[in-house]
Amino acid sequence: MRSFRCQKCGQPLFFENVQCLSCESELAFLPDRMYLAAMEPVPAQGGSETGDGEDQAWRKILTHARKKPSRHYRLCSNRASPVACNFAVPVEDPNPLCVACRLTRVLPDLAKPENPARWRRVESAKRRLFYTLAQLGLLSTEAGDAAAEGPVFEFLEDQPDRQVMTGHDNGLITLNVAEADDEERAARRVALHEPYRTLLGHFRHEIGHYYWDRLIRDGGRIESFREVFGDESVDYAQALQKHYERGMPEGWQERHVSAYATSHPWEDWAETWAHYLHMTDLLETAAAYNTRITMPGEDEEELEDVTDPFRGGRPDFDTLVAQWVPITLLVNSLNRSLGQDDAYPFALSPGALRKLRYVHGVIQEERDRHAMLAGAQAPVNAQPAAA
């Protein structure tokens, strides 16, 4: 995640903030600009503010008088809900929900006292997922019906006669909202022998299944996938049953990013995909804070700036990995200094890195394809949007 600052007072901001704690400016994340901005109400004729509530129009505060007036927005209608969404919606978009919230199709029973807080935590993780996918060029941030262009989500709870399983099915991602409870998630982590189980990790894993359908199955990459991950046509249900009954095969760490990845090639892909999103997001965060690292095997005085994987053109996979290793060691060491478990309890083997390289290549091919299509569709005399 990149770093943000209030345009009005310079206060550092976090992605989830809805108001600047220093100058009290209203804040909104602008998906079309991928930026958290200080906002001001748009005055109507006569100087009064236009509308009220979710009909109020806002614009980004301009720090330089010579800049052109910015685009007008509305705040997502979920801002006033337990979600406290801080995304904005362009005023010309008729949908009251932002491009992230409109992807959610079903909610748990919000009359139950525990569910509003669960919903808030789940949507917060989903917005972070949206940010990374947009940075990778995999999800559109433009106004319109985003649900028609991306996955849809259902957030459900267990019923007396039905247990909800978190998973993906043909574009639909279902999440059991009990996963939003720290106690429940910790219990499942122990029961399933998973050292890393987070809400954001769930989203990154399940969205991996979604993009397997889009980029591998529908993208004509089945053969190259099988060369790296194996034959996904083996019976999925039987493979999972075998995994839970017999456990991991001997030497699994040499070929997989996690124990669960050994269960089936689909799960291997989803786990590897999630790890790639972990990698790019963490490196972007480190770069945003101007982190400098000592590269393994080099003199301690030889420091290198962490590379932002979303800026400066096509990122080099070897560079990402070379920087990822010392950054994860640093993060784990910081956690241990605070008496916490390792934030990233994994060691990537050459076999796992080969699969991560494949995911990286598929995503870069897709980014290049989208960039080429966007260039072909752009008007000849197109001008960049005002900042």
# chains A, B, ... in the order shown; residues from 1 in each chain; ligands from 1
>>> select_by_dssp(residues="segment 56-208 of chain A", states="alpha helix (DSSP H)", output="MDAnalysis selection string")
chainID A and resid 115:135 182:191 199:208
>>> residues_around(residues="Arg221 of chain A", least_positions_apart="2", cutoff="12 Å", atoms="only C-alpha atoms", output="MDAnalysis selection string")
chainID A and resid 211:219 223:229 358:359 361:362 365:366
>>> residues_around(residues="Ile207 of chain A", least_positions_apart="2", cutoff="12 Å", atoms="only C-alpha atoms", output="MDAnalysis selection string")
chainID A and resid 126 129:130 132:133 138:139 150:153 166:175 200:205 209:215 266:267 269:275 277
>>> write_last_selection(atoms="N, CA and C atoms", output="CSV table (one decimal), in the first residue's frame")
chain,number,residue,atom,x,y,z
A,126,LYS,N,-11.7,-6.4,1.9
A,126,LYS,CA,-12.1,-6.5,0.5
A,126,LYS,C,-11.6,-5.2,-0.2
A,129,LEU,N,-8.1,-5.6,-1.0
A,129,LEU,CA,-7.9,-6.5,-2.1
A,129,LEU,C,-8.2,-5.8,-3.4
A,130,PHE,N,-9.2,-5.0,-3.5
A,130,PHE,CA,-9.6,-4.2,-4.6
A,130,PHE,C,-8.4,-3.3,-5.0
A,132,THR,N,-5.2,-3.6,-4.5
A,132,THR,CA,-4.0,-4.4,-5.1
A,132,THR,C,-4.4,-4.9,-6.5
A,133,LEU,N,-5.6,-5.4,-6.7
A,133,LEU,CA,-6.0,-5.8,-8.0
A,133,LEU,C,-6.0,-4.7,-9.0
A,138,LEU,N,-5.8,-5.6,-13.0
A,138,LEU,CA,-6.7,-6.7,-13.1
A,138,LEU,C,-8.1,-6.4,-12.9
A,139,LEU,N,-8.4,-5.2,-12.3
A,139,LEU,CA,-9.8,-4.8,-12.0
A,139,LEU,C,-10.0,-3.4,-12.4
A,150,GLY,N,-16.3,-7.9,-12.9
A,150,GLY,CA,-15.4,-8.6,-11.9
A,150,GLY,C,-16.2,-9.6,-11.1
A,151,PRO,N,-15.6,-10.1,-10.0
A,151,PRO,CA,-16.2,-11.1,-9.2
A,151,PRO,C,-17.3,-10.5,-8.4
A,152,VAL,N,-18.2,-11.3,-7.8
A,152,VAL,CA,-19.2,-10.9,-6.9
A,152,VAL,C,-19.0,-11.7,-5.6
A,153,PHE,N,-19.5,-11.1,-4.5
A,153,PHE,CA,-19.2,-11.6,-3.2
A,153,PHE,C,-20.5,-11.8,-2.4
A,166,THR,N,-16.2,-21.1,3.0
A,166,THR,CA,-15.5,-20.1,2.2
A,166,THR,C,-15.0,-20.7,0.9
A,167,GLY,N,-15.3,-20.0,-0.2
A,167,GLY,CA,-14.8,-20.6,-1.4
A,167,GLY,C,-15.2,-19.8,-2.7
A,168,HIS,N,-14.9,-20.3,-3.8
A,168,HIS,CA,-15.2,-19.7,-5.1
A,168,HIS,C,-15.9,-20.6,-6.0
A,169,ASP,N,-16.9,-20.1,-6.7
A,169,ASP,CA,-17.6,-20.9,-7.7
A,169,ASP,C,-18.1,-20.0,-8.9
A,170,ASN,N,-17.4,-20.2,-10.0
A,170,ASN,CA,-17.8,-19.5,-11.2
A,170,ASN,C,-18.0,-18.0,-11.1
A,171,GLY,N,-17.1,-17.3,-10.5
A,171,GLY,CA,-17.2,-15.9,-10.3
A,171,GLY,C,-17.8,-15.4,-9.0
A,172,LEU,N,-18.3,-16.3,-8.2
A,172,LEU,CA,-18.9,-16.0,-6.9
A,172,LEU,C,-18.0,-16.4,-5.8
A,173,ILE,N,-17.6,-15.4,-5.0
A,173,ILE,CA,-16.7,-15.7,-3.8
A,173,ILE,C,-17.6,-15.6,-2.6
A,174,THR,N,-17.7,-16.7,-1.8
A,174,THR,CA,-18.4,-16.8,-0.6
A,174,THR,C,-17.5,-16.8,0.6
A,175,LEU,N,-17.8,-16.0,1.6
A,175,LEU,CA,-17.0,-15.9,2.8
A,175,LEU,C,-17.9,-16.1,4.0
A,200,LEU,N,-7.7,-10.9,4.8
A,200,LEU,CA,-7.2,-10.5,3.6
A,200,LEU,C,-6.5,-11.7,2.9
A,201,GLY,N,-5.9,-12.6,3.6
A,201,GLY,CA,-5.4,-13.8,3.0
A,201,GLY,C,-6.4,-14.6,2.3
A,202,HIS,N,-7.6,-14.7,3.0
A,202,HIS,CA,-8.7,-15.5,2.4
A,202,HIS,C,-9.1,-14.9,1.1
A,203,PHE,N,-9.3,-13.6,1.1
A,203,PHE,CA,-9.7,-12.9,-0.2
A,203,PHE,C,-8.7,-13.1,-1.3
A,204,ARG,N,-7.4,-13.0,-0.9
A,204,ARG,CA,-6.4,-13.1,-2.0
A,204,ARG,C,-6.3,-14.5,-2.5
A,205,HIS,N,-6.6,-15.5,-1.6
A,205,HIS,CA,-6.6,-16.9,-2.1
A,205,HIS,C,-7.8,-17.2,-3.0
A,209,HIS,N,-8.6,-18.2,-7.4
A,209,HIS,CA,-9.4,-19.1,-8.1
A,209,HIS,C,-10.2,-18.4,-9.3
A,210,TYR,N,-10.7,-17.2,-8.9
A,210,TYR,CA,-11.4,-16.4,-9.9
A,210,TYR,C,-10.5,-16.1,-11.1
A,211,TYR,N,-9.3,-15.7,-10.9
A,211,TYR,CA,-8.4,-15.4,-12.0
A,211,TYR,C,-7.8,-16.6,-12.7
A,212,TRP,N,-7.9,-17.8,-12.0
A,212,TRP,CA,-7.5,-19.0,-12.7
A,212,TRP,C,-8.5,-19.2,-13.9
A,213,ASP,N,-9.8,-19.0,-13.6
A,213,ASP,CA,-10.8,-19.2,-14.6
A,213,ASP,C,-10.6,-18.2,-15.7
A,214,ARG,N,-10.3,-16.9,-15.4
A,214,ARG,CA,-10.2,-15.9,-16.4
A,214,ARG,C,-8.9,-15.9,-17.2
A,215,LEU,N,-7.8,-16.1,-16.5
A,215,LEU,CA,-6.4,-16.0,-17.1
A,215,LEU,C,-5.9,-17.3,-17.6
A,266,TRP,N,-5.3,-26.6,-8.4
A,266,TRP,CA,-6.0,-25.4,-8.2
A,266,TRP,C,-5.7,-24.7,-7.0
A,267,GLU,N,-5.5,-25.4,-5.9
A,267,GLU,CA,-5.2,-24.8,-4.6
A,267,GLU,C,-3.7,-24.4,-4.6
A,269,TRP,N,-2.2,-23.1,-7.2
A,269,TRP,CA,-2.3,-21.8,-7.9
A,269,TRP,C,-2.8,-20.7,-7.0
A,270,ALA,N,-3.9,-21.0,-6.3
A,270,ALA,CA,-4.5,-20.0,-5.5
A,270,ALA,C,-3.6,-19.6,-4.3
A,271,GLU,N,-2.9,-20.5,-3.7
A,271,GLU,CA,-2.0,-20.2,-2.6
A,271,GLU,C,-0.8,-19.4,-3.2
A,272,THR,N,-0.3,-19.8,-4.4
A,272,THR,CA,0.8,-19.1,-5.0
A,272,THR,C,0.4,-17.7,-5.4
A,273,TRP,N,-0.8,-17.5,-5.9
A,273,TRP,CA,-1.4,-16.2,-6.3
A,273,TRP,C,-1.5,-15.3,-5.1
A,274,ALA,N,-2.0,-15.9,-4.0
A,274,ALA,CA,-2.1,-15.1,-2.7
A,274,ALA,C,-0.7,-14.6,-2.3
A,275,HIS,N,0.3,-15.5,-2.4
A,275,HIS,CA,1.6,-15.1,-1.9
A,275,HIS,C,2.2,-14.0,-2.8
A,277,LEU,N,0.4,-11.6,-4.3
A,277,LEU,CA,-0.2,-10.4,-3.8
A,277,LEU,C,0.3,-9.9,-2.5
>>> atom_distance(atom1="atom CA of Arg74 of chain A", atom2="atom CA of Leu36 of chain A")
14.1 Å
>>> residues_around(residues="Asp181 of chain A", least_positions_apart="3", cutoff="12 Å", atoms="only C-alpha atoms", output="VMD selection string")
chain A and resid 114 to 122 157 176 to 178 184 to 188 197 to 199
>>> closest_residue(among="A:Asp316, A:Pro90, A:Ala287, A:Phe29", to="Ala57 of chain A", atoms="only C-alpha atoms")
A:Pro90
>>> residues_around(residues="Ser77 of chain A", least_positions_apart="5", cutoff="12 Å", atoms="only C-alpha atoms", output="list in words")
Gly53, Glu54, Asp55, Gln56, Pro82, Val83, Ala84, Cys85, Asn86, Phe87, Ala88, Val89, Pro94, Asn95, Pro96, Leu97, Cys98, Val99, Ala100, Cys101 and Arg102 of chain A
>>> atom_distance(atom1="atom CA of Val106 of chain A", atom2="atom CA of Leu156 of chain A")
7.3 Å
>>> atom_distance(atom1="atom CA of Arg246 of chain A", atom2="atom CA of Asp231 of chain A")
20.0 Å
>>> decode(residues="segment 112-143 of chain A", atoms="N, CA and C atoms", output="PDB file, in the first residue's frame")
ATOM      1  N   LYS A 112     -28.546  -9.119  13.848  1.00  0.00           N
ATOM      2  CA  LYS A 112     -27.790  -9.803  14.897  1.00  0.00           C
ATOM      3  C   LYS A 112     -26.658  -8.893  15.355  1.00  0.00           C
ATOM      4  N   PRO A 113     -26.472  -8.720  16.651  1.00  0.00           N
ATOM      5  CA  PRO A 113     -25.541  -7.699  17.153  1.00  0.00           C
ATOM      6  C   PRO A 113     -24.093  -7.886  16.721  1.00  0.00           C
ATOM      7  N   GLU A 114     -23.678  -9.137  16.441  1.00  0.00           N
ATOM      8  CA  GLU A 114     -22.282  -9.359  16.081  1.00  0.00           C
ATOM      9  C   GLU A 114     -21.990  -9.110  14.605  1.00  0.00           C
ATOM     10  N   ASN A 115     -23.020  -9.058  13.756  1.00  0.00           N
ATOM     11  CA  ASN A 115     -22.776  -9.026  12.317  1.00  0.00           C
ATOM     12  C   ASN A 115     -22.379  -7.673  11.742  1.00  0.00           C
ATOM     13  N   PRO A 116     -22.868  -6.530  12.242  1.00  0.00           N
ATOM     14  CA  PRO A 116     -22.384  -5.255  11.669  1.00  0.00           C
ATOM     15  C   PRO A 116     -20.875  -5.090  11.780  1.00  0.00           C
ATOM     16  N   ALA A 117     -20.291  -5.459  12.925  1.00  0.00           N
ATOM     17  CA  ALA A 117     -18.831  -5.339  13.074  1.00  0.00           C
ATOM     18  C   ALA A 117     -18.123  -6.324  12.159  1.00  0.00           C
ATOM     19  N   ARG A 118     -18.671  -7.525  11.999  1.00  0.00           N
ATOM     20  CA  ARG A 118     -18.087  -8.497  11.071  1.00  0.00           C
ATOM     21  C   ARG A 118     -18.101  -7.940   9.646  1.00  0.00           C
ATOM     22  N   TRP A 119     -19.236  -7.367   9.264  1.00  0.00           N
ATOM     23  CA  TRP A 119     -19.371  -6.803   7.921  1.00  0.00           C
ATOM     24  C   TRP A 119     -18.329  -5.715   7.693  1.00  0.00           C
ATOM     25  N   ARG A 120     -18.124  -4.870   8.702  1.00  0.00           N
ATOM     26  CA  ARG A 120     -17.143  -3.784   8.562  1.00  0.00           C
ATOM     27  C   ARG A 120     -15.736  -4.346   8.329  1.00  0.00           C
ATOM     28  N   ARG A 121     -15.349  -5.349   9.118  1.00  0.00           N
ATOM     29  CA  ARG A 121     -14.007  -5.909   8.968  1.00  0.00           C
ATOM     30  C   ARG A 121     -13.835  -6.611   7.621  1.00  0.00           C
ATOM     31  N   VAL A 122     -14.883  -7.301   7.179  1.00  0.00           N
ATOM     32  CA  VAL A 122     -14.810  -8.009   5.904  1.00  0.00           C
ATOM     33  C   VAL A 122     -14.676  -7.026   4.744  1.00  0.00           C
ATOM     34  N   GLU A 123     -15.486  -5.980   4.735  1.00  0.00           N
ATOM     35  CA  GLU A 123     -15.426  -5.003   3.640  1.00  0.00           C
ATOM     36  C   GLU A 123     -14.110  -4.234   3.652  1.00  0.00           C
ATOM     37  N   SER A 124     -13.556  -4.001   4.830  1.00  0.00           N
ATOM     38  CA  SER A 124     -12.265  -3.320   4.903  1.00  0.00           C
ATOM     39  C   SER A 124     -11.186  -4.151   4.221  1.00  0.00           C
ATOM     40  N   ALA A 125     -11.189  -5.460   4.481  1.00  0.00           N
ATOM     41  CA  ALA A 125     -10.218  -6.339   3.818  1.00  0.00           C
ATOM     42  C   ALA A 125     -10.473  -6.396   2.321  1.00  0.00           C
ATOM     43  N   LYS A 126     -11.742  -6.385   1.931  1.00  0.00           N
ATOM     44  CA  LYS A 126     -12.066  -6.459   0.505  1.00  0.00           C
ATOM     45  C   LYS A 126     -11.615  -5.199  -0.233  1.00  0.00           C
ATOM     46  N   ARG A 127     -11.688  -4.034   0.412  1.00  0.00           N
ATOM     47  CA  ARG A 127     -11.208  -2.811  -0.236  1.00  0.00           C
ATOM     48  C   ARG A 127      -9.696  -2.868  -0.455  1.00  0.00           C
ATOM     49  N   ARG A 128      -8.971  -3.458   0.479  1.00  0.00           N
ATOM     50  CA  ARG A 128      -7.526  -3.624   0.271  1.00  0.00           C
ATOM     51  C   ARG A 128      -7.253  -4.574  -0.888  1.00  0.00           C
ATOM     52  N   LEU A 129      -8.052  -5.628  -0.991  1.00  0.00           N
ATOM     53  CA  LEU A 129      -7.927  -6.526  -2.138  1.00  0.00           C
ATOM     54  C   LEU A 129      -8.185  -5.766  -3.428  1.00  0.00           C
ATOM     55  N   PHE A 130      -9.246  -4.957  -3.455  1.00  0.00           N
ATOM     56  CA  PHE A 130      -9.589  -4.169  -4.638  1.00  0.00           C
ATOM     57  C   PHE A 130      -8.413  -3.280  -5.032  1.00  0.00           C
ATOM     58  N   TYR A 131      -7.791  -2.634  -4.055  1.00  0.00           N
ATOM     59  CA  TYR A 131      -6.674  -1.734  -4.336  1.00  0.00           C
ATOM     60  C   TYR A 131      -5.549  -2.471  -5.050  1.00  0.00           C
ATOM     61  N   THR A 132      -5.150  -3.631  -4.520  1.00  0.00           N
ATOM     62  CA  THR A 132      -4.028  -4.362  -5.121  1.00  0.00           C
ATOM     63  C   THR A 132      -4.365  -4.851  -6.518  1.00  0.00           C
ATOM     64  N   LEU A 133      -5.584  -5.372  -6.703  1.00  0.00           N
ATOM     65  CA  LEU A 133      -5.982  -5.850  -8.029  1.00  0.00           C
ATOM     66  C   LEU A 133      -6.000  -4.700  -9.035  1.00  0.00           C
ATOM     67  N   ALA A 134      -6.452  -3.534  -8.590  1.00  0.00           N
ATOM     68  CA  ALA A 134      -6.456  -2.370  -9.482  1.00  0.00           C
ATOM     69  C   ALA A 134      -5.036  -1.939  -9.809  1.00  0.00           C
ATOM     70  N   GLN A 135      -4.137  -1.968  -8.819  1.00  0.00           N
ATOM     71  CA  GLN A 135      -2.742  -1.618  -9.066  1.00  0.00           C
ATOM     72  C   GLN A 135      -2.101  -2.579 -10.063  1.00  0.00           C
ATOM     73  N   LEU A 136      -2.504  -3.842 -10.021  1.00  0.00           N
ATOM     74  CA  LEU A 136      -1.971  -4.834 -10.953  1.00  0.00           C
ATOM     75  C   LEU A 136      -2.641  -4.773 -12.320  1.00  0.00           C
ATOM     76  N   GLY A 137      -3.629  -3.891 -12.476  1.00  0.00           N
ATOM     77  CA  GLY A 137      -4.321  -3.763 -13.755  1.00  0.00           C
ATOM     78  C   GLY A 137      -5.311  -4.877 -14.024  1.00  0.00           C
ATOM     79  N   LEU A 138      -5.766  -5.559 -12.963  1.00  0.00           N
ATOM     80  CA  LEU A 138      -6.652  -6.706 -13.135  1.00  0.00           C
ATOM     81  C   LEU A 138      -8.119  -6.373 -12.909  1.00  0.00           C
ATOM     82  N   LEU A 139      -8.395  -5.204 -12.343  1.00  0.00           N
ATOM     83  CA  LEU A 139      -9.768  -4.830 -12.034  1.00  0.00           C
ATOM     84  C   LEU A 139      -9.974  -3.371 -12.388  1.00  0.00           C
ATOM     85  N   SER A 140     -11.066  -3.085 -13.077  1.00  0.00           N
ATOM     86  CA  SER A 140     -11.329  -1.728 -13.534  1.00  0.00           C
ATOM     87  C   SER A 140     -11.743  -0.832 -12.377  1.00  0.00           C
ATOM     88  N   THR A 141     -11.274   0.413 -12.403  1.00  0.00           N
ATOM     89  CA  THR A 141     -11.675   1.410 -11.412  1.00  0.00           C
ATOM     90  C   THR A 141     -12.628   2.440 -12.005  1.00  0.00           C
ATOM     91  N   GLU A 142     -13.019   2.254 -13.246  1.00  0.00           N
ATOM     92  CA  GLU A 142     -13.860   3.229 -13.918  1.00  0.00           C
ATOM     93  C   GLU A 142     -15.312   3.120 -13.456  1.00  0.00           C
ATOM     94  N   ALA A 143     -16.032   4.232 -13.565  1.00  0.00           N
ATOM     95  CA  ALA A 143     -17.452   4.248 -13.223  1.00  0.00           C
ATOM     96  C   ALA A 143     -18.211   3.303 -14.146  1.00  0.00           C
TER      97      ALA A 143
END
